[in-house]
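Source file coords20.tsv; content: TSV, C-alpha atoms and all ligand atoms.
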chain	number	residue	atom	x	y	z
E	1	MET	CA	0.00	0.00	0.00
E	2	ALA	CA	1.24	3.52	-0.74
E	3	SER	CA	-0.11	6.89	0.27
E	4	LEU	CA	1.15	9.42	-2.20
E	5	PRO	CA	0.77	13.18	-1.87
E	6	THR	CA	0.08	14.21	-5.45
E	7	HIS	CA	0.12	17.69	-6.95
E	8	LYS	CA	-1.23	18.96	-10.20
E	9	SER	CA	1.20	20.90	-12.29
E	10	HIS	CA	-1.24	23.69	-13.11
E	11	GLU	CA	-4.75	24.81	-12.39
E	12	PRO	CA	-7.06	24.68	-15.42
E	13	SER	CA	-8.81	28.00	-16.04
E	14	GLY	CA	-12.23	28.31	-14.45
E	15	PHE	CA	-11.62	25.44	-12.08
E	16	VAL	CA	-13.32	25.88	-8.75
E	17	ALA	CA	-11.84	23.96	-5.87
E	18	PRO	CA	-14.35	21.86	-3.96
E	19	SER	CA	-15.68	23.91	-1.10
E	20	SER	CA	-16.07	22.37	2.33
E	21	TYR	CA	-19.03	20.06	2.34
E	22	LEU	CA	-22.00	20.73	4.49
E	23	ARG	CA	-21.97	17.90	6.92
E	24	ARG	CA	-25.31	17.27	8.48
E	25	SER	CA	-25.56	15.59	11.83
E	26	ARG	CA	-28.07	12.92	12.64
E	27	GLY	CA	-31.56	14.09	13.49
E	28	GLN	CA	-31.31	17.24	11.40
E	29	SER	CA	-34.14	17.75	9.00
E	30	HIS	CA	-33.52	16.84	5.37
E	31	PRO	CA	-32.80	19.64	2.93
E	32	ASN	CA	-35.84	20.45	0.86
E	33	PRO	CA	-34.61	21.03	-2.68
E	34	THR	CA	-37.77	22.97	-3.55
E	35	GLN	CA	-36.74	25.73	-1.19
E	36	MET	CA	-33.44	26.02	-3.03
E	37	SER	CA	-34.80	26.13	-6.55
E	38	TYR	CA	-34.57	28.94	-9.01
E	39	GLY	CA	-36.97	30.09	-11.69
E	40	GLN	CA	-40.62	31.00	-11.84
E	41	LYS	CA	-43.30	28.37	-11.89
E	42	THR	CA	-45.43	30.63	-14.11
E	43	ASP	CA	-43.32	29.78	-17.19
E	44	SER	CA	-45.23	28.05	-19.94
E	45	GLU	CA	-44.55	24.33	-20.34
E	46	SER	CA	-42.83	24.76	-23.71
E	47	ALA	CA	-40.41	27.37	-22.33
E	48	ILE	CA	-39.55	24.92	-19.55
E	49	ASP	CA	-38.98	22.16	-22.12
E	50	ARG	CA	-36.73	24.41	-24.18
E	51	ASP	CA	-34.71	25.47	-21.14
E	52	GLN	CA	-34.37	21.88	-20.03
E	53	ARG	CA	-32.94	20.91	-23.44
E	54	LEU	CA	-30.64	23.95	-23.44
E	55	GLY	CA	-29.41	23.16	-19.93
E	56	LEU	CA	-28.62	19.57	-20.91
E	57	GLU	CA	-26.80	20.75	-24.06
E	58	ARG	CA	-24.65	23.14	-22.02
E	59	ILE	CA	-23.74	20.39	-19.55
E	60	ARG	CA	-22.79	18.00	-22.40
E	61	ASP	CA	-20.72	20.71	-24.13
E	62	PHE	CA	-18.92	21.35	-20.85
E	63	LEU	CA	-18.21	17.63	-20.33
E	64	LYS	CA	-16.79	17.43	-23.85
E	65	VAL	CA	-14.29	20.27	-23.39
E	66	ARG	CA	-13.15	19.38	-19.88
E	67	THR	CA	-11.00	16.41	-18.97
E	68	SER	CA	-10.96	14.09	-15.98
E	69	TYR	CA	-7.76	15.83	-14.94
E	70	ASP	CA	-9.70	19.12	-14.58
E	71	VAL	CA	-11.89	17.55	-11.90
E	72	LEU	CA	-8.95	16.84	-9.61
E	73	PRO	CA	-8.22	19.33	-6.86
E	74	LEU	CA	-4.82	21.06	-6.83
E	75	SER	CA	-3.44	18.73	-4.24
E	76	PHE	CA	-4.67	15.29	-3.28
E	77	ARG	CA	-3.48	11.99	-1.93
E	78	LEU	CA	-3.80	8.63	-3.57
E	79	ILE	CA	-3.90	5.38	-1.67
E	80	ILE	CA	-3.00	2.33	-3.74
E	81	PHE	CA	-3.16	-1.24	-2.44
E	82	ASP	CA	-0.68	-3.89	-3.44
E	83	THR	CA	-2.54	-7.06	-4.47
E	84	SER	CA	-0.54	-9.01	-1.87
E	85	LEU	CA	-2.14	-6.98	0.96
E	86	MET	CA	-4.32	-9.05	3.30
E	87	VAL	CA	-8.07	-8.40	3.02
E	88	LYS	CA	-8.27	-7.76	6.78
E	89	LYS	CA	-5.55	-5.10	6.61
E	90	SER	CA	-7.16	-3.46	3.59
E	91	LEU	CA	-10.34	-2.94	5.63
E	92	THR	CA	-8.43	-1.27	8.44
E	93	ILE	CA	-6.67	1.06	6.00
E	94	LEU	CA	-9.93	2.00	4.26
E	95	ILE	CA	-11.56	2.86	7.59
E	96	GLN	CA	-8.53	4.73	8.96
E	97	ASN	CA	-8.39	6.88	5.85
E	98	GLY	CA	-12.12	7.39	5.44
E	99	ILE	CA	-12.16	5.94	1.92
E	100	VAL	CA	-14.29	3.21	0.34
E	101	SER	CA	-12.21	2.16	-2.66
E	102	ALA	CA	-8.59	1.95	-3.83
E	103	PRO	CA	-6.77	1.13	-7.07
E	104	LEU	CA	-4.86	-2.15	-6.96
E	105	TRP	CA	-1.26	-2.57	-8.01
E	106	ASP	CA	0.31	-5.90	-8.91
E	107	SER	CA	3.94	-5.37	-7.96
E	108	LYS	CA	4.98	-8.72	-9.48
E	109	THR	CA	4.05	-7.54	-12.95
E	110	SER	CA	4.15	-3.78	-12.21
E	111	THR	CA	0.67	-3.39	-13.59
E	112	PHE	CA	-2.57	-1.72	-12.55
E	113	ALA	CA	-4.86	-4.53	-11.33
E	114	GLY	CA	-8.28	-2.87	-11.20
E	115	LEU	CA	-10.21	-0.99	-8.58
E	116	LEU	CA	-11.10	-2.44	-5.21
E	117	THR	CA	-14.60	-1.33	-4.18
E	118	THR	CA	-17.23	-2.19	-1.58
E	119	SER	CA	-18.69	-4.71	-4.05
E	120	ASP	CA	-15.58	-6.85	-3.63
E	121	TYR	CA	-16.16	-7.08	0.13
E	122	LEU	CA	-19.84	-7.90	-0.48
E	123	ASN	CA	-18.71	-10.71	-2.79
E	124	LEU	CA	-16.37	-12.00	-0.12
E	125	ILE	CA	-19.26	-12.09	2.36
E	126	GLN	CA	-21.40	-13.97	-0.16
E	127	TYR	CA	-18.59	-16.49	-0.55
E	128	TYR	CA	-18.30	-16.85	3.22
E	129	TRP	CA	-22.06	-17.38	3.42
E	130	GLN	CA	-21.99	-20.06	0.70
E	131	ASN	CA	-18.86	-21.75	2.14
E	132	PRO	CA	-19.09	-21.54	5.94
E	133	GLU	CA	-16.09	-23.88	6.25
E	134	ALA	CA	-13.96	-21.11	4.63
E	135	VAL	CA	-14.33	-18.88	7.67
E	136	ASN	CA	-11.08	-20.15	9.14
E	137	ARG	CA	-9.22	-19.34	5.97
E	138	ILE	CA	-10.73	-15.91	5.48
E	139	ASP	CA	-7.99	-14.26	7.49
E	140	GLN	CA	-5.40	-15.59	5.05
E	141	PHE	CA	-7.02	-14.09	1.97
E	142	ASN	CA	-5.10	-11.38	0.23
E	143	LEU	CA	-6.52	-8.99	-2.32
E	144	SER	CA	-5.44	-11.08	-5.30
E	145	SER	CA	-7.50	-14.03	-3.97
E	146	LEU	CA	-10.61	-11.89	-4.38
E	147	ARG	CA	-10.53	-12.76	-8.09
E	148	ASP	CA	-10.78	-16.49	-7.31
E	149	ILE	CA	-13.57	-15.79	-4.88
E	150	GLU	CA	-15.47	-13.84	-7.51
E	151	LYS	CA	-15.00	-16.68	-9.97
E	152	ALA	CA	-16.21	-19.18	-7.34
E	153	ILE	CA	-19.46	-17.31	-6.72
E	154	GLY	CA	-19.90	-16.46	-10.42
E	155	VAL	CA	-20.00	-12.66	-10.24
E	156	GLN	CA	-18.31	-9.92	-12.22
E	157	PRO	CA	-14.60	-9.62	-11.41
E	158	LEU	CA	-12.98	-6.48	-9.98
E	159	GLU	CA	-13.64	-3.34	-11.94
E	160	THR	CA	-10.83	-3.00	-14.45
E	161	ILE	CA	-11.98	-0.08	-16.61
E	162	SER	CA	-9.85	3.04	-16.57
E	163	ILE	CA	-9.38	6.21	-18.59
E	164	HIS	CA	-6.51	8.50	-19.50
E	165	PRO	CA	-6.74	11.71	-17.39
E	166	GLN	CA	-6.56	13.92	-20.47
E	167	ARG	CA	-9.52	12.30	-22.25
E	168	PRO	CA	-12.74	14.35	-22.26
E	169	LEU	CA	-14.82	14.00	-19.12
E	170	TYR	CA	-17.73	13.02	-21.36
E	171	GLU	CA	-15.86	9.82	-22.27
E	172	ALA	CA	-15.20	9.01	-18.63
E	173	CYS	CA	-18.94	9.41	-17.95
E	174	ARG	CA	-19.94	7.21	-20.91
E	175	SER	CA	-17.46	4.58	-19.82
E	176	MET	CA	-18.86	4.58	-16.27
E	177	LEU	CA	-22.42	4.28	-17.54
E	178	GLU	CA	-21.58	1.42	-19.87
E	179	SER	CA	-19.73	-0.54	-17.20
E	180	LYS	CA	-22.13	0.53	-14.40
E	181	ALA	CA	-19.06	1.65	-12.42
E	182	ARG	CA	-19.58	4.40	-9.84
E	183	ARG	CA	-15.96	5.57	-10.07
E	184	ILE	CA	-13.21	5.37	-12.65
E	185	PRO	CA	-9.43	5.24	-12.16
E	186	LEU	CA	-7.34	7.69	-14.19
E	187	VAL	CA	-4.39	5.81	-15.64
E	188	ASP	CA	-1.54	7.52	-17.49
E	189	VAL	CA	1.67	6.08	-18.96
E	190	ASP	CA	4.97	7.00	-17.36
E	191	ASP	CA	7.15	8.78	-19.94
E	192	GLU	CA	10.36	7.09	-18.85
E	193	THR	CA	9.33	3.53	-18.02
E	194	ARG	CA	6.31	3.37	-20.41
E	195	ARG	CA	4.50	1.67	-17.55
E	196	ALA	CA	0.94	2.39	-16.45
E	197	MET	CA	0.69	4.94	-13.67
E	198	VAL	CA	-2.47	5.44	-11.60
E	199	VAL	CA	-3.05	9.19	-11.19
E	200	SER	CA	-6.29	9.27	-9.22
E	201	VAL	CA	-9.85	7.99	-9.12
E	202	VAL	CA	-12.80	10.11	-10.18
E	203	THR	CA	-16.24	9.41	-8.74
E	204	GLN	CA	-19.71	10.16	-10.08
E	205	TYR	CA	-20.17	12.57	-7.19
E	206	ARG	CA	-17.02	14.54	-8.06
E	207	ILE	CA	-18.07	14.85	-11.69
E	208	LEU	CA	-21.60	15.97	-10.83
E	209	LYS	CA	-20.27	18.42	-8.27
E	210	PHE	CA	-17.83	19.78	-10.87
E	211	VAL	CA	-20.81	20.33	-13.19
E	212	ALA	CA	-22.90	21.87	-10.40
E	213	VAL	CA	-20.11	24.33	-9.51
E	214	ASN	CA	-19.09	25.30	-13.03
E	215	VAL	CA	-22.17	25.10	-15.26
E	216	SER	CA	-24.57	27.91	-14.35
E	217	GLU	CA	-27.07	26.56	-16.90
E	218	THR	CA	-27.94	23.75	-14.46
E	219	GLN	CA	-30.37	26.42	-13.26
E	220	LEU	CA	-32.31	25.94	-16.49
E	221	LEU	CA	-33.29	22.41	-15.46
E	222	ARG	CA	-36.68	23.38	-14.09
E	223	LYS	CA	-38.83	20.45	-15.20
E	224	PRO	CA	-40.30	18.59	-12.21
E	225	LEU	CA	-39.03	15.06	-11.64
E	226	LYS	CA	-42.53	13.70	-12.25
E	227	HIS	CA	-42.15	14.70	-15.93
E	228	LEU	CA	-38.66	13.22	-16.35
E	229	LYS	CA	-37.42	9.70	-16.97
E	230	LEU	CA	-35.03	9.90	-14.05
E	231	GLY	CA	-34.66	7.40	-11.23
E	232	THR	CA	-36.30	4.12	-10.26
E	233	TYR	CA	-39.89	3.99	-9.08
E	234	ARG	CA	-40.83	0.33	-9.53
E	235	ASN	CA	-39.70	-2.92	-7.93
E	236	LEU	CA	-37.79	-1.04	-5.27
E	237	GLU	CA	-35.73	-3.22	-2.96
E	238	THR	CA	-36.51	-2.28	0.63
E	239	ALA	CA	-35.94	-3.77	4.06
E	240	ARG	CA	-37.16	-3.32	7.64
E	241	MET	CA	-35.19	-2.49	10.78
E	242	GLU	CA	-35.66	-6.16	11.79
E	243	THR	CA	-34.26	-7.56	8.51
E	244	PRO	CA	-30.97	-9.45	9.02
E	245	VAL	CA	-27.98	-7.64	7.50
E	246	PHE	CA	-27.16	-10.81	5.54
E	247	ASP	CA	-30.48	-10.55	3.67
E	248	VAL	CA	-29.81	-6.91	2.78
E	249	ILE	CA	-26.36	-7.87	1.47
E	250	HIS	CA	-28.04	-10.42	-0.83
E	251	GLN	CA	-30.36	-7.70	-2.09
E	252	LEU	CA	-27.43	-5.36	-2.76
E	253	VAL	CA	-25.48	-8.02	-4.65
E	254	LYS	CA	-28.45	-9.52	-6.53
E	255	ASP	CA	-29.56	-6.18	-7.99
E	256	SER	CA	-26.11	-4.49	-8.12
E	257	ILE	CA	-27.47	-1.58	-6.12
E	258	SER	CA	-25.65	0.57	-3.58
E	259	SER	CA	-28.40	1.01	-1.01
E	260	VAL	CA	-31.70	-0.32	0.32
E	261	PRO	CA	-34.21	2.07	1.92
E	262	ILE	CA	-35.45	0.95	5.32
E	263	VAL	CA	-39.20	1.37	5.64
E	264	ASN	CA	-41.75	0.71	8.37
E	265	SER	CA	-45.04	-1.18	7.94
E	266	ASP	CA	-46.65	1.92	6.41
E	267	GLY	CA	-43.92	2.29	3.78
E	268	VAL	CA	-42.50	5.33	5.59
E	269	VAL	CA	-38.74	5.71	5.06
E	270	THR	CA	-36.92	5.54	8.39
E	271	ASN	CA	-33.34	5.08	7.16
E	272	VAL	CA	-31.21	3.77	4.31
E	273	PHE	CA	-28.77	0.86	4.53
E	274	GLU	CA	-25.82	1.53	2.25
E	275	ALA	CA	-23.28	-0.91	0.82
E	276	VAL	CA	-20.55	1.13	2.54
E	277	ASP	CA	-22.19	0.40	5.93
E	278	VAL	CA	-20.91	-3.16	5.53
E	279	ILE	CA	-17.28	-2.00	5.73
E	280	THR	CA	-17.77	-0.79	9.30
E	281	LEU	CA	-19.42	-4.10	10.23
E	282	ILE	CA	-16.55	-6.29	9.04
E	283	LYS	CA	-13.66	-4.10	10.18
E	284	GLY	CA	-10.88	-5.97	11.92
E	285	GLY	CA	-11.83	-9.05	9.91
E	286	MET	CA	-14.69	-9.83	12.30
E	287	TYR	CA	-17.70	-11.18	10.45
E	288	ASP	CA	-19.91	-11.75	13.52
E	289	ASP	CA	-21.68	-8.40	13.17
E	290	LEU	CA	-23.22	-9.64	9.94
E	291	ASP	CA	-25.60	-11.62	12.17
E	292	LEU	CA	-27.09	-8.34	13.42
E	293	ASN	CA	-30.31	-6.91	12.09
E	294	VAL	CA	-30.41	-3.63	10.18
E	295	GLY	CA	-31.46	-1.54	13.21
E	296	GLU	CA	-28.56	-2.84	15.31
E	297	ALA	CA	-26.09	-2.47	12.46
E	298	LEU	CA	-27.02	1.13	11.75
E	299	LYS	CA	-26.20	2.06	15.35
E	300	LYS	CA	-22.57	1.32	14.48
E	301	ARG	CA	-22.53	3.88	11.71
E	302	SER	CA	-19.77	6.45	11.94
E	303	GLU	CA	-20.60	9.88	13.40
E	304	ASP	CA	-19.67	11.63	10.18
E	305	PHE	CA	-22.42	9.90	8.19
E	306	PRO	CA	-23.45	12.64	5.76
E	307	GLY	CA	-27.19	12.09	6.18
E	308	ILE	CA	-30.04	10.92	4.01
E	309	TYR	CA	-31.26	13.23	1.28
E	310	THR	CA	-34.85	13.20	0.18
E	311	CYS	CA	-36.92	14.93	-2.47
E	312	SER	CA	-40.41	14.76	-3.92
E	313	ILE	CA	-41.56	14.18	-7.50
E	314	ASP	CA	-42.36	17.90	-7.67
E	315	ASP	CA	-38.70	18.82	-7.16
E	316	ARG	CA	-36.44	19.70	-10.04
E	317	LEU	CA	-32.91	19.03	-11.21
E	318	ASP	CA	-31.82	22.66	-10.69
E	319	ALA	CA	-32.41	22.17	-6.97
E	320	ILE	CA	-30.79	18.74	-6.99
E	321	PHE	CA	-27.64	20.27	-8.55
E	322	ASP	CA	-27.75	22.93	-5.81
E	323	THR	CA	-27.83	20.17	-3.21
E	324	ILE	CA	-24.95	18.34	-4.92
E	325	ARG	CA	-22.92	21.57	-4.93
E	326	ARG	CA	-23.39	22.05	-1.20
E	327	SER	CA	-23.37	18.52	0.16
E	328	ARG	CA	-21.87	15.12	-0.40
E	329	VAL	CA	-25.02	13.46	-1.73
E	330	HIS	CA	-24.90	9.88	-2.99
E	331	ARG	CA	-28.56	9.44	-3.81
E	332	LEU	CA	-31.93	11.05	-3.19
E	333	ILE	CA	-34.78	9.06	-1.76
E	334	VAL	CA	-38.03	10.19	-3.36
E	335	ILE	CA	-40.84	10.37	-0.81
E	336	ASP	CA	-44.46	11.55	-0.80
E	337	GLU	CA	-46.00	14.07	1.58
E	338	ASP	CA	-46.33	11.34	4.26
E	339	ASN	CA	-42.65	10.36	3.93
E	340	ARG	CA	-43.61	7.13	2.18
E	341	LEU	CA	-41.11	5.73	-0.30
E	342	THR	CA	-41.85	6.66	-3.92
E	343	GLY	CA	-38.53	6.15	-5.69
E	344	ILE	CA	-34.75	6.40	-5.72
E	345	ILE	CA	-32.58	8.75	-7.72
E	346	SER	CA	-28.97	7.62	-7.66
E	347	LEU	CA	-26.01	9.56	-9.03
E	348	SER	CA	-25.85	7.08	-11.92
E	349	ASP	CA	-29.47	7.95	-12.80
E	350	ILE	CA	-28.57	11.66	-12.88
E	351	LEU	CA	-25.45	11.00	-14.95
E	352	GLU	CA	-27.44	8.87	-17.38
E	353	TYR	CA	-30.12	11.54	-17.70
E	354	ILE	CA	-27.74	14.43	-18.34
E	355	LEU	CA	-25.74	12.43	-20.86
E	356	LEU	CA	-28.39	10.50	-22.74
E	357	GLU	CA	-31.79	12.20	-22.40
E	358	GLY	CA	-33.13	12.99	-25.88
E	359	GLU	CA	-30.11	11.38	-27.58
E	360	GLY	CA	-32.10	8.39	-28.95
E	361	GLU	CA	-30.50	4.96	-28.94
H	401	LIG	P1	-26.89	2.75	-7.53
H	401	LIG	O1	-26.30	1.43	-7.32
H	401	LIG	O2	-27.40	3.34	-6.27
H	401	LIG	O3	-26.04	3.68	-8.30
H	401	LIG	O4	-28.16	2.49	-8.46
H	401	LIG	C1	-28.09	1.78	-9.67
H	401	LIG	C2	-29.50	1.73	-10.26
H	401	LIG	O5	-30.34	0.98	-9.40
H	401	LIG	C3	-30.15	3.09	-10.41
H	401	LIG	O6	-30.93	3.09	-11.59
H	401	LIG	C4	-31.03	3.22	-9.19
H	401	LIG	O7	-32.18	4.02	-9.41
H	401	LIG	C5	-31.43	1.77	-8.95
H	401	LIG	N1	-31.60	1.48	-7.52
H	401	LIG	C6	-30.83	1.93	-6.51
H	401	LIG	N2	-31.25	1.46	-5.32
H	401	LIG	C7	-32.34	0.68	-5.60
H	401	LIG	C8	-33.24	-0.09	-4.79
H	401	LIG	N3	-33.10	-0.17	-3.47
H	401	LIG	N4	-34.25	-0.77	-5.43
H	401	LIG	C9	-34.36	-0.72	-6.78
H	401	LIG	N5	-33.56	-0.01	-7.58
H	401	LIG	C10	-32.55	0.70	-7.02
Mind turning this structure into structure tokens?
Ligand code: AMP
Amino acid sequence: MASLPTHKSHEPSGFVAPSSYLRRSRGQSHPNPTQMSYGQKTDSESAIDRDQRLGLERIRDFLKVRTSYDVLPLSFRLIIFDTSLMVKKSLTILIQNGIVSAPLWDSKTSTFAGLLTTSDYLNLIQYYWQNPEAVNRIDQFNLSSLRDIEKAIGVQPLETISIHPQRPLYEACRSMLESKARRIPLVDVDDETRRAMVVSVVTQYRILKFVAVNVSETQLLRKPLKHLKLGTYRNLETARMETPVFDVIHQLVKDSISSVPIVNSDGVVTNVFEAVDVITLIKGGMYDDLDLNVGEALKKRSEDFPGIYTCSIDDRLDAIFDTIRRSRVHRLIVIDEDNRLTGIISLSDILEYILLEGEGE
């Protein structure tokens, strides 16, 4: 594992450094995007449609002239794991550094070996569940054995897509959408050795925040969500506070989703169990906490949990971009006036909408 302080050689013009995120403590009320929206509701429908199209065009133009490199802050650190690192140690390092993924480096071949993400730990848990006798060996697994585990349970291997940092951001977004990856490593070639060199990792959140900060035409996106094809509103995977964590992990893996809303018997959203919550549960290589139910597991959540963001189908993308600019949002849970679950808008849904809406096949 290496922790590298990395500096960019220059600051691209117009780049706005990420401001400090608004961290919301537990129990605070959710932000209401409607209160943060711009524009007049008296506009005629056709003017709203035109503005929506114009706003999307501006965002796409911006993504085509900016590169992934532009998204990076002036100074950042990069943590890379060697594939020989033990799984247990990798968990400790992730938690200590407050990160949820890391590029992998195979030092035997001096090659980039893909991106380690929460999905890999979920796969490991699935393997452990299917092969209880393996529990004694689990401590001896290193990161390269994750590939064998993934083969054994028949799931997609580690994410291996990457992009050159100087390619247009639009390409990075398309590549993420096609591979359903939520983050993409930036891989360059070292001039001297001609070997691959991992520069950084760009997430969907960082890209959307970069758009929110730099593209003022996001304010033109004033069409209510109920008139957009954005988000998932059917066959939502949910769980209860009493649901065993193991069952939720199956849901996450089965549907390749990053979270499951927790609802009560009336369908009211009371919390959200996220794939990243699993990392805290298995830290130190202890898998006993997976026997907990959701309610017990969520009590172990770290204090800096950024909160759950909600919106209604009457909210609009201009306000959602405002929220993304101010806060580290990973998804919005769509609720009705009684806080009952209506849908989920994930960052991949937003990325897909801004890239592909109206583009045909
Ligand atoms: P995510 O993994 O959160 O980026 O979401 C990937 C896709 O699955 C998006 O289209 C989401 O709208 C959808 N999705 C996310 N969570 C759920 C869920 N709990 N039930 C059904 N679909 C979901």
Could you give me the residues within 10 Å of ligand LIG 401 (chain H), counting only C-alpha atoms and all ligand atoms, as a VMD selection string? chain E and resid 177 180 to 182 204 230 to 239 248 251 to 253 255 to 262 272 to 275 330 to 333 343 to 352
When distances are computed from all atoms listed in the file, which of E:Arg50, E:Arg195, E:Lys283, E:Lys229 shows the smallest separation from Leu94 (chain E)? E:Lys283
Pick from E:Ile335, E:Ile279, E:Cys311, E:Ala212 nearest to Leu124 (chain E), counting all atoms listed in the file: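 Between E:Ile335, E:Ile279, E:Cys311, E:Ala212, the residue approaching Leu124 (chain E) most closely is E:Ile279.
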Of the residues E:Pro73, E:Ile99, E:Phe321, E:Gln166, which is the one nearest to Gln219 (chain E), using all atoms listed in the file? E:Phe321
Pick from E:Leu355, E:Ser200, E:Val155, E:Phe62, whichever lies nearest to Ala102 (chain E) using all atoms listed in the file: E:Ser200
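The shortest atom-to-atom distance to Leu146 (chain E), with all atoms listed in the file taken into account, belongs to E:Val87 out of E:Ser175, E:Val87, E:Asn97, E:Arg183.
Every polymer residue reaching to within 9 Å of (3.7, -3.8, -6.3), counting all atoms listed in the file, appears in this list: E:Met1, E:Phe81, E:Asp82, E:Thr83, E:Ser84, E:Leu104, E:Trp105, E:Asp106, E:Ser107, E:Lys108, E:Thr109, E:Ser110, E:Thr111.
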May I ask which of the residues E:Gly284, E:Leu225, E:Asp291, E:Thr67 is the closest one to Glu242 (chain E), counting only C-alpha atoms?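 Result for the nearest residue to Glu242 (chain E): E:Asp291.
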Give me the residues near Ser302 (chain E) as a ChimeraX atom specification, where near means some atom within 10 Å (using only C-alpha atoms) and where sequence neighbours in that chain fewer than 5 positions away do not count. /E:95,277,280
May I have the residues at most 8 Å from (-22.6, 18.3, -15.3) in the file's coordinates, counting all atoms listed in the file, as a PyMOL selection string? chain E and resi 59-60+62-63+207-212+215+218+351+354
Report the distance between CA of Lys64 (chain E) and CA of Gly358 (chain E) in Å, rounded to one decimal place. 17.1 Å
